[in-house]
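Participant: Got a structure for you, structure33.txt, holding compact mmCIF, C-alpha atoms.
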```txt
# COMPACT_ATOMS: atom_id res chain seq x y z
CA MET W 65 95.31 89.67 128.48
CA LEU W 66 94.83 90.25 124.83
CA VAL W 67 93.76 86.72 123.97
CA SER W 68 90.89 86.70 126.43
CA ASN W 69 89.78 90.04 125.05
CA LEU W 70 89.78 88.55 121.55
CA ARG W 71 87.78 85.62 122.80
CA SER W 72 85.06 87.79 124.29
CA LYS W 73 84.84 89.57 120.95
CA LEU W 74 84.51 86.22 119.22
CA LEU W 75 81.66 85.22 121.52
CA ALA W 76 79.88 88.43 120.63
CA GLY W 77 80.46 87.61 116.99
CA MET W 78 78.96 84.16 117.43
CA ALA W 79 75.73 85.62 118.74
CA CYS W 80 75.68 87.94 115.76
CA ALA W 81 76.42 85.17 113.29
CA LEU W 82 73.62 83.00 114.60
CA THR W 83 70.98 85.42 113.39
CA VAL W 84 72.28 85.02 109.85
CA THR W 85 71.61 81.32 109.69
CA VAL W 86 67.92 81.95 110.29
CA LEU W 87 67.66 83.78 107.01
CA SER W 88 66.43 81.95 103.95
CA GLN W 89 69.06 80.09 101.98
CA GLY W 90 66.78 79.66 98.99
CA PRO W 91 67.55 80.94 95.52
CA ALA W 92 67.74 84.70 95.33
CA LEU W 93 65.10 84.60 92.64
CA ALA W 94 61.78 83.48 94.01
CA GLY W 95 59.50 81.55 91.71
CA GLY W 96 60.22 80.32 88.23
CA ASP W 97 57.41 81.95 86.32
CA HIS W 98 59.11 85.24 85.64
CA THR W 99 59.36 86.63 82.17
CA HIS W 100 61.92 89.12 81.14
CA ALA W 101 63.55 90.47 78.05
CA HIS W 102 67.23 89.63 77.88
CA MET W 103 69.17 92.60 76.64
CA SER W 104 72.32 91.97 74.73
CA ASP W 105 73.84 95.43 74.99
CA GLN W 106 74.17 95.21 78.79
CA LYS W 107 71.95 98.24 79.19
CA MET W 108 68.52 98.57 80.64
CA SER W 109 67.24 102.10 80.49
CA GLY W 110 70.40 103.60 81.95
CA VAL W 111 71.41 100.66 84.11
CA VAL W 112 74.88 99.43 83.19
CA VAL W 113 76.77 96.39 84.39
CA SER W 114 80.52 96.37 83.79
CA GLU W 115 83.78 94.86 85.00
CA ALA W 116 82.08 91.51 85.60
CA MET W 117 84.81 89.11 86.61
CA SER W 118 85.27 85.91 88.53
CA PRO W 119 88.55 84.52 89.91
CA ALA W 120 89.26 81.03 88.55
CA ALA W 121 88.52 78.36 91.13
CA ALA W 122 91.00 75.68 92.13
CA PRO W 123 90.64 72.30 90.39
CA GLY W 124 87.67 70.37 91.77
CA ILE W 125 86.03 73.43 93.28
CA GLY W 126 82.66 74.23 91.72
CA THR W 127 82.06 77.35 93.80
CA MET W 128 82.90 80.75 92.36
CA ALA W 129 82.08 84.39 93.02
CA VAL W 130 81.33 87.16 90.55
CA TYR W 131 82.32 90.76 91.15
CA LEU W 132 81.04 93.65 89.06
CA LEU W 133 80.05 97.28 88.93
CA LEU W 134 76.34 98.06 88.75
CA GLU W 135 75.60 101.63 87.74
CA ASN W 136 72.15 103.12 87.83
CA ALA W 137 72.12 106.15 85.56
CA SER W 138 68.40 105.81 85.02
CA GLY W 139 65.90 108.21 86.47
CA ALA W 140 64.53 105.79 89.03
CA ASN W 141 65.69 103.42 91.73
CA VAL W 142 66.21 99.86 90.57
CA ASP W 143 65.87 96.66 92.56
CA LEU W 144 68.13 93.73 91.78
CA VAL W 145 66.04 90.74 92.80
CA GLY W 146 67.83 87.77 91.32
CA VAL W 147 70.77 86.31 89.44
CA GLU W 148 70.83 83.36 87.05
CA SER W 149 73.45 81.47 85.12
CA PRO W 150 73.01 78.36 83.00
CA ALA W 151 76.64 77.52 83.75
CA PHE W 152 75.95 76.79 87.44
CA ALA W 153 73.48 74.73 89.41
CA MET W 154 72.87 77.47 91.96
CA THR W 155 73.26 81.24 92.02
CA HIS W 156 72.84 83.48 95.03
CA LEU W 157 73.15 87.16 95.71
CA HIS W 158 75.39 87.26 98.76
CA LYS W 159 77.17 89.57 101.07
CA THR W 160 80.16 88.67 103.17
CA ALA W 161 79.86 90.37 106.51
CA MET W 162 82.66 90.74 108.98
CA ALA W 163 81.64 91.22 112.57
CA ASP W 164 84.02 90.93 115.49
CA GLY W 165 86.60 89.18 113.40
CA LEU W 166 84.24 86.57 111.96
CA MET W 167 83.36 86.15 108.31
CA THR W 168 79.77 85.19 107.65
CA MET W 169 77.78 85.03 104.47
CA GLU W 170 74.36 86.57 104.29
CA PRO W 171 71.87 86.02 101.50
CA VAL W 172 70.60 89.26 100.02
CA ALA W 173 67.00 88.97 98.82
CA GLN W 174 66.90 92.34 97.11
CA LEU W 175 69.40 95.08 96.43
CA THR W 176 68.12 98.57 95.78
CA VAL W 177 70.41 100.86 93.81
CA PRO W 178 69.17 104.45 94.11
CA LYS W 179 68.95 106.47 90.91
CA GLY W 180 72.24 108.07 89.97
CA GLU W 181 74.27 105.76 92.20
CA SER W 182 76.41 102.72 91.65
CA VAL W 183 77.22 99.63 93.65
CA ARG W 184 80.46 97.70 93.42
CA PHE W 185 80.43 94.00 94.11
CA ALA W 186 83.89 93.29 95.53
CA PRO W 187 85.75 90.68 97.58
CA GLY W 188 84.81 90.78 101.22
CA GLY W 189 81.48 92.40 100.46
CA LEU W 190 78.69 91.98 97.95
CA HIS W 191 79.20 89.13 95.51
CA ILE W 192 77.24 86.75 93.38
CA MET W 193 77.93 83.26 94.63
CA LEU W 194 77.81 80.47 92.08
CA MET W 195 77.75 76.83 93.07
CA GLY W 196 77.88 73.65 91.04
CA ALA W 197 79.88 74.72 88.00
CA GLU W 198 78.97 72.75 84.89
CA GLN W 199 82.63 72.80 83.83
CA THR W 200 86.04 73.98 84.97
CA TYR W 201 86.78 77.59 84.07
CA HIS W 202 90.28 78.86 83.46
CA PRO W 203 91.57 82.43 83.27
CA GLY W 204 90.54 83.78 79.88
CA ASP W 205 87.27 81.83 79.80
CA SER W 206 83.90 83.44 80.28
CA PHE W 207 80.36 82.44 81.17
CA PRO W 208 76.97 84.15 80.96
CA LEU W 209 75.21 85.71 83.92
CA THR W 210 71.80 87.35 84.02
CA LEU W 211 70.81 89.98 86.52
CA VAL W 212 67.06 90.15 87.07
CA PHE W 213 65.40 93.32 88.27
CA GLY W 214 62.16 93.97 90.10
CA SER W 215 60.69 95.52 86.97
CA GLY W 216 60.92 92.12 85.28
CA GLN W 217 63.69 93.33 83.02
CA ALA W 218 67.05 91.64 82.95
CA ILE W 219 70.61 92.32 81.92
CA GLU W 220 72.79 89.56 80.56
CA VAL W 221 76.54 89.93 80.93
CA GLU W 222 79.53 87.83 80.02
CA VAL W 223 81.70 87.24 83.08
CA SER W 224 85.46 87.12 82.50
CA VAL W 225 87.30 84.43 84.43
CA VAL W 226 90.54 85.90 85.80
CA ASN W 227 93.59 84.71 87.68
CA PRO W 228 92.92 84.94 91.46
CA GLY W 229 95.83 87.37 91.78
CA GLU W 230 94.28 89.77 89.29
CA MET W 231 91.41 90.84 91.50
CA PRO W 232 91.80 94.40 92.71
CA VAL W 233 92.01 94.92 96.45
CA GLY W 234 88.87 96.45 97.78
CA ALA W 235 85.66 95.57 99.46
CA HIS W 236 84.53 98.48 101.46
CA ASP W 237 80.86 98.98 101.89
CA HIS W 238 80.53 102.69 101.36
CA SER W 239 77.55 102.97 99.10
CA THR W 240 74.10 104.06 100.09
CA MET W 241 72.46 100.90 98.86
CA LYS W 242 69.67 99.35 100.80
CA MET W 243 69.36 95.64 101.33
CA ASN W 244 66.61 93.55 102.77
CA MET X 244 101.15 130.29 105.69
CA ALA X 245 97.93 128.45 104.97
CA ARG X 246 99.40 127.29 101.70
CA VAL X 247 102.46 125.87 103.45
CA PHE X 248 100.23 124.08 105.93
CA LEU X 249 98.12 122.62 103.15
CA ALA X 250 101.23 121.44 101.33
CA LEU X 251 102.42 119.79 104.50
CA VAL X 252 99.09 118.03 105.00
CA LEU X 253 99.06 116.83 101.42
CA PHE X 254 102.60 115.56 101.84
CA LEU X 255 101.87 113.67 105.05
CA LEU X 256 98.49 112.31 104.05
CA PRO X 257 99.69 109.36 101.95
CA LEU X 258 102.04 108.26 104.73
CA GLY X 259 99.19 108.23 107.19
CA VAL X 260 96.99 106.26 104.85
CA ALA X 261 99.69 103.68 104.25
CA ALA X 262 100.29 103.22 107.95
CA GLN X 263 96.60 102.77 108.62
CA GLY X 264 96.19 100.31 105.79
CA VAL X 265 96.79 97.30 108.01
CA GLN X 266 94.72 96.42 111.01
CA GLY X 267 96.97 94.40 113.24
CA VAL X 268 97.21 93.43 116.86
CA ILE X 269 100.65 92.65 118.21
CA LEU X 270 100.74 90.51 121.33
CA ASP X 271 102.68 91.84 124.29
CA ASP X 272 104.27 88.42 124.70
CA PRO X 273 104.36 85.67 122.06
CA VAL X 274 102.05 82.74 122.81
CA LYS X 275 103.36 79.29 121.90
CA VAL X 276 101.13 77.25 119.60
CA ASP X 277 99.98 74.12 121.45
CA ASP X 278 100.76 70.63 120.19
CA PHE X 279 98.63 69.37 117.32
CA SER X 280 98.80 66.55 114.80
CA LEU X 281 97.49 67.21 111.30
CA ARG X 282 98.54 66.33 107.76
CA ALA X 283 99.85 68.51 104.97
CA GLN X 284 98.35 68.39 101.47
CA ASP X 285 100.85 65.70 100.41
CA GLY X 286 99.79 63.43 103.27
CA THR X 287 102.88 63.99 105.40
CA PRO X 288 102.38 64.68 109.11
CA PHE X 289 102.30 68.34 110.07
CA THR X 290 102.62 69.23 113.74
CA GLN X 291 103.64 72.24 115.80
CA ASP X 292 107.23 71.33 114.87
CA GLY X 293 106.42 72.32 111.28
CA LEU X 294 106.09 75.90 112.48
CA ALA X 295 109.67 76.05 113.77
CA GLY X 296 112.47 77.65 111.85
CA GLN X 297 110.60 80.24 109.80
CA TRP X 298 107.85 82.82 110.09
CA THR X 299 104.37 81.53 109.30
CA LEU X 300 101.18 83.26 108.18
CA MET X 301 98.30 80.98 109.13
CA PHE X 302 94.82 81.44 107.70
CA LEU X 303 91.77 79.41 108.65
CA GLY X 304 89.19 78.62 105.98
CA TYR X 305 87.59 76.04 103.72
CA THR X 306 88.04 75.09 100.09
CA HIS X 307 84.42 75.76 99.06
CA CYS X 308 84.64 79.33 100.37
CA PRO X 309 83.58 81.51 97.42
CA ASP X 310 84.69 84.98 98.40
CA VAL X 311 87.00 85.61 101.32
CA CYS X 312 89.31 82.58 101.31
CA PRO X 313 90.36 82.84 97.65
CA PHE X 314 90.81 86.58 97.98
CA THR X 315 92.86 86.27 101.17
CA LEU X 316 95.09 83.51 99.78
CA ALA X 317 95.66 85.45 96.55
CA ASN X 318 96.58 88.48 98.62
CA LEU X 319 98.95 86.49 100.83
CA GLU X 320 100.78 85.32 97.71
CA ALA X 321 100.97 88.96 96.61
CA VAL X 322 102.29 89.87 100.07
CA ARG X 323 105.03 87.24 99.66
CA THR X 324 105.89 88.69 96.28
CA GLU X 325 106.19 92.16 97.83
CA LEU X 326 108.28 90.81 100.70
CA SER X 327 110.59 89.06 98.26
CA GLN X 328 111.74 92.54 97.23
CA MET X 329 112.81 93.19 100.81
CA MET X 330 114.34 89.93 102.06
CA THR X 331 116.04 86.75 100.94
CA PRO X 332 113.76 83.90 99.84
CA GLU X 333 114.57 81.65 102.79
CA LYS X 334 113.38 84.33 105.20
CA LEU X 335 109.99 84.77 103.56
CA PRO X 336 107.06 83.71 105.76
CA GLU X 337 105.41 80.42 104.90
CA VAL X 338 101.69 80.53 104.22
CA VAL X 339 99.75 77.76 105.97
CA PHE X 340 96.07 77.28 105.15
CA LEU X 341 94.22 75.47 107.92
CA ALA X 342 91.27 73.75 106.23
CA VAL X 343 88.51 73.27 108.80
CA ASP X 344 86.05 71.38 106.59
CA PRO X 345 87.99 68.11 106.10
CA ASP X 346 85.03 66.15 104.67
CA ARG X 347 85.12 68.38 101.60
CA ASP X 348 88.63 69.81 101.91
CA ALA X 349 90.89 66.79 102.32
CA GLU X 350 90.90 65.42 98.78
CA LEU X 351 91.00 68.88 97.16
CA LEU X 352 93.60 70.48 99.38
CA ALA X 353 96.73 69.83 97.31
CA ASP X 354 95.28 71.37 94.16
CA TYR X 355 93.62 74.10 96.17
CA VAL X 356 96.67 75.55 97.89
CA ALA X 357 98.86 75.18 94.77
CA HIS X 358 96.24 77.19 92.86
CA PHE X 359 97.04 80.23 95.00
CA GLY X 360 100.71 79.80 95.82
CA ILE X 361 103.12 77.11 94.71
CA SER X 362 104.87 77.26 98.10
CA PHE X 363 101.69 77.21 100.20
CA THR X 364 101.03 74.48 102.74
CA GLY X 365 97.51 73.24 103.36
CA ILE X 366 96.80 71.29 106.52
CA THR X 367 93.76 69.41 107.76
CA GLY X 368 92.95 66.21 109.61
CA GLU X 369 90.86 64.86 112.45
CA ARG X 370 88.26 67.22 113.84
CA ALA X 371 89.70 67.08 117.37
CA GLU X 372 93.18 68.00 116.13
CA ILE X 373 91.82 70.81 113.96
CA ASP X 374 89.96 72.14 116.96
CA LYS X 375 93.13 72.06 119.08
CA LEU X 376 94.95 74.27 116.61
CA VAL X 377 91.94 76.54 116.11
CA ALA X 378 91.75 77.05 119.87
CA SER X 379 95.47 77.64 120.05
CA ILE X 380 95.38 80.46 117.50
CA ASP X 381 92.21 81.79 119.16
CA GLY X 382 90.26 81.22 115.97
CA PHE X 383 86.70 80.16 115.41
CA TYR X 384 84.67 78.32 112.80
CA ARG X 385 81.26 76.74 112.50
CA LEU X 386 79.93 74.55 109.69
CA GLU X 387 76.54 75.98 108.72
CA LYS X 388 75.01 72.64 107.82
CA SER X 389 71.23 72.61 107.58
CA GLY X 390 71.14 68.82 107.85
CA ALA X 391 73.19 65.66 107.53
CA ASP X 392 72.74 65.56 103.74
CA ASP X 393 73.53 69.24 103.18
CA ASP X 394 76.65 69.34 101.00
CA ALA X 395 76.45 72.98 99.90
CA TYR X 396 76.94 74.60 103.29
CA ASP X 397 78.88 77.71 104.20
CA VAL X 398 81.40 77.90 107.00
CA THR X 399 81.50 80.90 109.29
CA HIS X 400 85.09 81.47 110.30
CA SER X 401 87.67 83.87 111.67
CA ALA X 402 88.92 86.40 109.16
CA ALA X 403 92.30 87.12 110.72
CA VAL X 404 95.70 85.87 109.65
CA THR X 405 97.81 84.64 112.56
CA VAL X 406 101.49 85.56 112.50
CA ILE X 407 103.73 82.88 114.06
CA ASN X 408 107.43 83.39 114.73
CA PRO X 409 110.25 80.89 114.05
CA ASP X 410 109.89 79.62 117.63
CA GLY X 411 106.35 78.50 116.85
CA ALA X 412 104.79 81.25 118.95
CA ILE X 413 102.01 83.65 117.92
CA THR X 414 103.21 87.24 117.80
CA ALA X 415 100.42 89.06 115.96
CA LYS X 416 97.09 88.89 114.21
CA ILE X 417 96.23 90.93 111.16
CA SER X 418 92.77 91.58 109.78
CA PRO X 419 91.47 92.08 106.24
CA PRO X 420 91.71 93.69 103.82
CA PHE X 421 95.22 92.39 103.24
CA HIS X 422 96.49 95.07 100.88
CA PRO X 423 99.70 93.49 99.53
CA VAL X 424 102.07 96.48 99.81
CA ASN X 425 100.81 97.70 103.18
CA THR X 426 100.68 94.21 104.65
CA ALA X 427 104.18 93.42 103.39
CA THR X 428 105.53 96.62 104.92
CA TYR X 429 103.77 95.87 108.17
CA LEU X 430 105.09 92.30 108.30
CA PHE X 431 108.59 93.30 107.28
CA ARG X 432 108.83 95.71 110.19
CA HIS X 433 107.15 93.28 112.58
CA MET X 434 109.44 90.39 111.65
CA ARG X 435 112.48 92.59 112.17
CA GLY X 436 111.26 93.69 115.59
CA LEU X 437 110.66 97.27 114.52
CA ASP X 438 107.77 99.37 115.72
CA VAL X 439 104.74 99.15 113.54
CA THR X 440 102.52 102.18 113.31
CA ASN X 441 98.87 101.38 112.96
```
Show how you would write the structure in this file as structure tokens.
Facilitator:
Amino acid sequence: MLVSNLRSKLLAGMACALTVTVLSQGPALAGGDHTHAHMSDQKMSGVVVSEAMSPAAAPGIGTMAVYLLLENASGANVDLVGVESPAFAMTHLHKTAMADGLMTMEPVAQLTVPKGESVRFAPGGLHIMLMGAEQTYHPGDSFPLTLVFGSGQAIEVEVSVVNPGEMPVGAHDHSTMKMN
Amino acid sequence: MARVFLALVLFLLPLGVAAQGVQGVILDDPVKVDDFSLRAQDGTPFTQDGLAGQWTLMFLGYTHCPDVCPFTLANLEAVRTELSQMMTPEKLPEVVFLAVDPDRDAELLADYVAHFGISFTGITGERAEIDKLVASIDGFYRLEKSGADDDAYDVTHSAAVTVINPDGAITAKISPPFHPVNTATYLFRHMRGLDVTN
């Protein structure tokens, strides 16, 4: 019977999901003693962040996700090691993983974007999770977000808050990025 | 000859892509949803009887879900919009959001579901009753609480949308991504009892 088959798949998914909870839930950026130059032109030696957007959350919900396009046109691999926003109490680099029909969230400690490649953060995949919004954001609003790289450099972007229905359909993990 | 073949492939390719755009499982025989007793976002009782009389798309999630739940609910509203081009309003499927994290969900549920679709129903309630319905739709969830005082936890949960017929019986499950046009086409055919290619 189909249902029992689904159930056995779910059990397999549970075993898979359990390993995720063991991972650190701490801030994606370790330590608070970093120094970095905030760049206002959204460029860092060929690294470009664009299409940064976040669907407006429902009233009372302080959790949001940011989606964006991270292009590495520089001559070297870059490592995204952290995200920060003064508009939220907590920021995490996250990936939604679907295994055997279950959605789990995995913290991503570091995201390597190979030179010449780009990574799209999209629903159902990589996203920047923000918790504890300092205020309610409506479509048309924006808030600042800083991406911190392993080199110590950082890129600050302005994230556009959009209507939930305006997010493009997507979320397929087809890049060659490495995560650990 | 090769050119004709290529033209044929190019012509058929989009059709194939569209048909494969929805991952769905259709049950050989509908499975009745067991009895449960929850409450809708306005506080009124919502039981298995609330599923009778119209098609229902049921999605299991939690209000603090940052990524998948908002995206799925926004897509389901888009699916309804697409379907509204194909059928009369009273035949459109209802979207029911089963909130499995009542401690955080209950007081926010009314605003939450209205944020995504003015017609959406959000239901939650006692843990035991939630679990009955979750079991009935063959779903799964787990609160990833690190301790009793953890109030920023994630919830691991099923990704599928359960399709329930006007008799209150499950007929299909569809999996993300819920591309609005493809999903609407899939559901339109399914609800009319037509074969669905996938």
Participant: Each side padded by 3 Å, which centre and which edge lengths in Å (one decimal) define the axis-aligned box around the listed atoms of region 200-206 of chain W? Give them as lines of an AutoDock Vina configuration file.
Facilitator:
```
center_x = 87.7
center_y = 78.9
center_z = 82.4
size_x = 13.7
size_y = 15.8
size_z = 11.2
```
Participant: So which residues touch Glu230 (chain W) within 8 Å, counting all atoms listed in the file, skipping near sequence neighbours fewer than 3 positions away, as JSON, numbers by chain?
Facilitator: {"W": [119, 226, 227]}
Participant: Dump as a short mmCIF file (atom, residue, chain, number, x, y, z; two decimals) with C-alpha atoms, in the frame of the given file the residues of chain W that approach chain X to within 7 Å, counting all atoms listed in the file.
Facilitator:
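What follows is the written file selection.cif:
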```
data_model
loop_
_atom_site.label_atom_id
_atom_site.label_comp_id
_atom_site.auth_asym_id
_atom_site.auth_seq_id
_atom_site.Cartn_x
_atom_site.Cartn_y
_atom_site.Cartn_z
CA LEU W 66 94.83 90.25 124.83
CA ARG W 71 87.78 85.62 122.80
CA ALA W 122 91.00 75.68 92.13
CA PRO W 123 90.64 72.30 90.39
CA GLY W 124 87.67 70.37 91.77
CA ILE W 125 86.03 73.43 93.28
CA THR W 127 82.06 77.35 93.80
CA MET W 128 82.90 80.75 92.36
CA ALA W 129 82.08 84.39 93.02
CA GLY W 165 86.60 89.18 113.40
CA LEU W 166 84.24 86.57 111.96
CA MET W 167 83.36 86.15 108.31
CA THR W 168 79.77 85.19 107.65
CA PRO W 187 85.75 90.68 97.58
CA GLY W 188 84.81 90.78 101.22
CA MET W 193 77.93 83.26 94.63
CA PRO W 228 92.92 84.94 91.46
CA GLY W 229 95.83 87.37 91.78
CA VAL W 233 92.01 94.92 96.45
#
```
Participant: How many Å separate CA of Pro273 (chain X) from CA of Ile373 (chain X)?
Facilitator: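 Spanning CA of Pro273 (chain X) to CA of Ile373 (chain X) is a straight-line distance of 21.1 Å.
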Participant: If we count all atoms listed in the file and set the cut-off at 6 Å, which residues sit around Gly126 (chain W), ignoring sequence neighbours fewer than 5 positions away in its own chain? Please answer as a ChimeraX atom specification.
Facilitator: /W:195-197
Participant: Starting from the point (104.1, 90.8, 118.1), work out which residues of protein, DNA or RNA have an atom no more than 12 Å away when counting only C-alpha atoms; state them as a PyMOL selection string.
Facilitator: (chain W and resi 66) or (chain X and resi 267-274+298+405-408+412-417+429-439)
Participant: Contacts of Ser138 (chain W) at 12 Å or less, counting only C-alpha atoms, minus same-chain residues fewer than 3 places along, as a VMD selection string?
Facilitator: chain W and resid 107 to 112 134 to 135 141 to 142 177 to 182
Participant: Would you mind telling me which residue in X:Gln291, X:Thr364, X:Ser379, X:Thr324 lies nearest to Thr428 (chain X) when using only C-alpha atoms?
Facilitator: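 Among the listed residues, the smallest separation from Thr428 (chain X) belongs to X:Thr324.
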Participant: In Å, with one decimal, what is the gap from CA of Asp205 (chain W) to CA of His156 (chain W)?
Facilitator: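 Those two atoms sit 21.0 Å apart.
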Participant: Could you tell me how far CA of Val343 (chain X) sits from CA of Thr155 (chain W), in Å to one decimal place?
Facilitator: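 According to the coordinates, CA of Thr155 (chain W) and CA of Val343 (chain X) are separated by 24.0 Å.
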Participant: Name all residues at most 9 Å from Gln297 (chain X) (count only C-alpha atoms; drop same-chain ones fewer than 5 positions away) and give them as an mmCIF file with C-alpha atoms, in the frame of the given file.
Facilitator:
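To be explicit, this is the file written out as part_32.cif:
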```
data_model
loop_
_atom_site.group_PDB
_atom_site.id
_atom_site.type_symbol
_atom_site.label_atom_id
_atom_site.label_comp_id
_atom_site.auth_asym_id
_atom_site.auth_seq_id
_atom_site.Cartn_x
_atom_site.Cartn_y
_atom_site.Cartn_z
ATOM 1 C CA GLU X 333 114.570 81.650 102.790
ATOM 2 C CA LYS X 334 113.380 84.330 105.200
ATOM 3 C CA LEU X 335 109.990 84.770 103.560
ATOM 4 C CA PRO X 336 107.060 83.710 105.760
ATOM 5 C CA GLU X 337 105.410 80.420 104.900
ATOM 6 C CA ILE X 407 103.730 82.880 114.060
ATOM 7 C CA ASN X 408 107.430 83.390 114.730
ATOM 8 C CA PRO X 409 110.250 80.890 114.050
ATOM 9 C CA ASP X 410 109.890 79.620 117.630
ATOM 10 C CA GLY X 411 106.350 78.500 116.850
#
```
Participant: Here is a test: counting all atoms listed in the file, which residue of W:Ser206, W:Val183, W:Asp164, W:Val223 is nearest to Asp143 (chain W)?
Facilitator: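 The closest residue to Asp143 (chain W) is W:Val183.
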